[in-house]
Amino acid sequence: MPEVMPTAADLTLMRVDRFLLERLAPHREAGVVPLDVTAWEAPGEPVPFAEATAHDGVRVEPGHAWGAPWSTTWLHLTGPAPAASTSGPAQVVVDLGFTDVNPGFQAEGQFWSADGRPLKGLNPRNRALSWPAGEPVDVWVEAAGNPTVLGHVPEFQPTTLGERATAGTDPLYVLRRADLVTVDAGVDELWHDAQALRDLLRVLPDDGARYARVLRALDRLVAVVDPDDVPGTAAEGRKLLVPELEAPANASAHQAYAVGHAHIDSAWLWPVRETVRKAARTFSTVVTLMDEDPDLVFACSSAQQYAWIKESYPDLFERIKEKVAEGRWVPVGGMWVESDTNMPGGEAMVRQFLTGKSFFRDELGVETRDVWLPDSFGYSGALPQIAKLAGNRWMLTQKLSWNETNAMPHHTFLWEGIDGTRLLTHFPPVDSYNAELAARELDHAARNNREKGELDASIVPFGYGDGGGGPTAEMLARARRYASTEGVAEVRVASPYDFFEAAEAGLERPAVWSGEMYLEFHRGTYTSQARTKQGNRRSEHLLREAELWAATAAVRNGVPYPHEALDQAWKTVLLNQFHDILPGSSIAWVYRDAEAGYAEVAATLEEIVGTSLAALAGSGDTPLVFNATPHVRDGVAALGAAPAAAAEGPDVTVAIEETADDGAGGHTLANGLVAVHVDARGLVDSIHDLRADRELVPAGLAANLLQLHRDTPRQWDAWDIDHEYLDERTDLVDVLGIEVAASSADEVVVEVRRAFGASTVRQRLSLARGSAALTVETVVDWHERQKLLKLAFPLAVHADRSASETQFGHVFRPTHANTPWDAAKFEICAHRWVHVAEPGYGVAVANSATYGHDVQRTTVDDGSAGSTVTTVRESLLRAPLFPDPDADQGEHRFLTVLHVGADLADAVRDGYAANLAPRVVEGAGPVEPLVTVDDPAGAVVVESVKLAEDHSGDVVVRLYESLGGHARATVTPGFDASGVTRTDLLERPLDDGADVDLASPLALRPFEIVTLRFARS
């Protein structure tokens, strides 16, 4: 007996649901003819259509086992021509043995015509291909045996499926059907009618008149449609439902701008090579659906995916171009990929837009006007300015609906960046970028909308996504029925730009959100897959060097500028900044590919740098230091080359202390600016700033302390660090050995060796003449599992906030947890440096490849009231088990620079220096910089020097204000320039004030980015 007696309405719904499932749905197919099928398994990686169809397959029947992990099987389907039917159209229907209803996470297929045209994708929610009457069936299916990596119970368990070599060879799937089906159009339309009203009942108040009318109509449907003659009585059933479907929406109904969408992760639980095929499947599905349904409007981002289609599926690319010209296919986002925005450097974020928007302009003839990042893991406060300078007006995001602690207070608002730029931003209240246009989704969007009463409208991106799939005919059928129906939002299939233009007009005083949009989730993505993060950081700086020196060599020596090689290197780096690659949340295969890509980029760029430096240095035997940083270094001008000047300051000394038992003791490193004591454990228990006569390590604590935490998040292993990790910690204080590894008047080095668990670590602590910075090189041979390794520097500094470098500036974050918003930021992202300070004194911690940090303020009892300790910790390594069970195993190198008495300008200099080592080349004499910046405050920094994208030979210089204040700087070219123009990020003149008079200082607001284009005489 049921625990609760069902109501009369419950009983009616039970009757309706069973009728729809068992009596109505089967009659959507009026006739079924089995097709003949042959199968050929491609050895190894996927092959082109022509190669696959040249092979003879073996005849197979339903029940055929196929699809070893990551394999490809080609199915050839043939059969008789369907006759013209009065009941409805014909379809080829295939079931590959789908084991899940979610498209994109298991077996998938691509329908191909007999002459080699991609026709449509095949997945669990899209199994049918329309087939014309009178034409014999002759079609191919490229079936991908992709394994289900996510979705096992329990979830997030280690899996071998992420690499082909470990995934196994047994078939995963069984072919279930391959039929020619005649659709009964009348029954099919009735089914859509009934489903729409049944779905509506799920959101209507069950005590209202509307609910009662709809329920009564469905009840009468069951009585009118004869189970023994469903096709013959379907029309009568539709007549019963039409009045309820045509009951108009309320005047105050929410306006849902339904935008066709298919989020396709450029890699995740599949390798990049599979993403190429996913894009083809989804894009062919969309253009075919557009041919069949004129209502569909589809928004699609990621220029990289279009480029793949252009290269590998040219016929499909031409079909896409036709739909773009019609205005129904809307390229959005303007980026090369939907990248992470936390970790890419400033110039890399510029290139995401420069490269992406250039592709859309050149290949599709459109100028995208928005940023489209529904799934990235938080949003840098530098993004509004970068987006606006790239010609964008709007932004869409969705991911912050995943916040664990705090809900975003707005859905349509102005997002203000760190420089003051504001960007109209929409955060769809449907809380999904993969909606199905179900009534519950539309109802949620209306109820959840935080701008209701002022802007009762929102975007609802609909279509299967993550692994692709896109909109379906069923979704469009639902959209038509909900276009104006009482009890649910009004649905309008439209371009996202229609919504944004309406929002601009409708919001009189939009709310403002200032600063970064921090995702309170997925904090482990700042650290997971350290090699890929190191590859990204190294590649970004190699690209800076290669462009700088190649441009200088082109202008000074006439060396051809390597446009194509640089472009390809950038595209590799930009692809790997995708929001599931750089964050470390993909399968092992993805990281094998990424590391190979970075190695290729490094080889290319080192060759460009080497060729350029050789040309610039000329013949001679004078050691020249090439300085690619934007600051004077070793006496060498920024962006130029000269013999190094001797370091100034007293000699560096190291004193070795002996312990009472005559064993090795501590070491004191001193250079007249700072004295550092390394105790017998290899820990730094004293850092004395001799200039300020100030001790930086609180009594009883130690810096350079490696700390190991248990790292077992509740879910999403590679993605998450949960706050509970702080509950358990092991300080690594045992030492295998400590010794002076090098000692001279210019530098001393102390080496410390440790072992813990199955891992070892070697550190080299060094102090140089004339430097107030301790440099720590940490090499870890890492073999832990589900652990988090941090490097801690407790500092006697009373800082209530930390500054972390982000693109073209920095962001402040609290060191306390006064509010839930503060407490949620227990793990933060920084680029090349973190700075903590009290009035008049600060400390900078710079790095060469670390992004994850935490900065916390505590107190220690000093015998009186206690004193403040601000601890800066770098997150060096993690060891998650899912989706890559061997993530980060092996050797890693980290560089940390602790600069005492440092201001923000010092932090900026340290960050560049830690990532751009000087290059020494023997040559004839100094090389003057292509451009110099005279800024007494040291605030204005040159980020990039390159030649223009249009191959004109113009020199493009990008600079920015780095300290967060107003600045004035004199910019002087080191070559004959016939004119200077201020441009946007696509190197086009700005509308206002484009011409620049370099005789006057250039004025910059806080964190302002300026791009100057110098025409060469």
# chains A, B, ... in the order shown; residues from 1 in each chain; ligands from 1
>>> residues_around(residues="segment 466-470 of chain A", least_positions_apart="4", cutoff="8 Å", atoms="only C-alpha atoms", output="count of residues only")
19
>>> residues_around(residues="segment 972-987 of chain A", least_positions_apart="5", cutoff="6 Å", atoms="only C-alpha atoms", output="list in words")
Leu354, Leu389, Ala390, Leu930, Val931, Thr932, Ala994, Asp995, Val996, Thr1011, Leu1012, Arg1013, Phe1014, Ala1015, Arg1016 and Ser1017 of chain A
>>> select_by_dssp(residues="segment 729-883 of chain A", states="strand (DSSP E)", output="ChimeraX atom specification")
/A:729-731,737-743,747-756,759-768,773-782,787-795,801-806,809-814,828-829,833-838,841-847,852-860,867-878
>>> select_by_dssp(residues="segment 735-969 of chain A", states="alpha helix (DSSP H)", output="JSON, numbers by chain")
{"A": [820, 821, 822, 823, 904, 905, 906, 907, 908, 909, 910, 911, 912, 913, 914, 915]}
>>> residues_around(residues="Arg176 of chain A", least_positions_apart="4", cutoff="10 Å", atoms="only C-alpha atoms", output="list of chain:residue names")
A:Glu61, A:Pro62, A:Gly63, A:His64, A:Ala65, A:Val94, A:Asp95, A:Leu96, A:Gly97, A:Phe98
>>> residues_around(residues="Val573 of chain A", least_positions_apart="3", cutoff="12 Å", atoms="only C-alpha atoms", output="VMD selection string")
chain A and resid 304 336 to 337 339 344 to 345 347 to 349 351 to 352 355 532 to 543 566 to 570 576 to 578 581 to 582 593 to 602
>>> residues_around(residues="His522 of chain A", least_positions_apart="6", cutoff="10 Å", atoms="only C-alpha atoms", output="list of chain:residue names")
A:Phe377, A:Gly378, A:Trp402, A:Asn403, A:Glu404, A:Pro583, A:Ser585, A:Gln715, A:Trp716, A:Asp717, A:Ala718, A:Trp719, A:Asp720, A:Ile721, A:Asp722, A:Glu827
>>> closest_atom_pairs(of="segment 44-92 of chain A", to="segment 229-238 of chain A", cutoff="12 Å", atoms="only C-alpha atoms", output="JSON lines")
{"residue": "A:Thr86", "atom": "CA", "partner": "A:Pro231", "partner_atom": "CA", "distance": 11.8}
{"residue": "A:Ser87", "atom": "CA", "partner": "A:Pro231", "partner_atom": "CA", "distance": 8.8}
{"residue": "A:Gly88", "atom": "CA", "partner": "A:Pro231", "partner_atom": "CA", "distance": 11.3}
>>> closest_atom_pairs(of="segment 421-491 of chain A", to="segment 498-517 of chain A", cutoff="8 Å", atoms="only C-alpha atoms", output="CSV")
residue,atom,partner,partner_atom,distance
A:Leu424,CA,A:Glu504,CA,7.8
A:Glu454,CA,A:Leu507,CA,6.6
A:Leu455,CA,A:Gly506,CA,6.3
A:Ala457,CA,A:Phe499,CA,7.8
A:Ser458,CA,A:Phe499,CA,7.1
A:Ile459,CA,A:Phe499,CA,6.8
>>> residues_around(residues="segment 829-838 of chain A", least_positions_apart="3", cutoff="7 Å", atoms="only C-alpha atoms", output="list in words")
Asn342, Met343, Tyr526, Val797, His798, Ala799, Arg801, Ser802, Ala803, Ser804, Glu805, Thr806, Tyr841, Gly842, Val843, Ala844, Val845, Ala846, Asn847, Ser848, Tyr851, Gly852, His853, Leu904, Ala907 and Gly911 of chain A
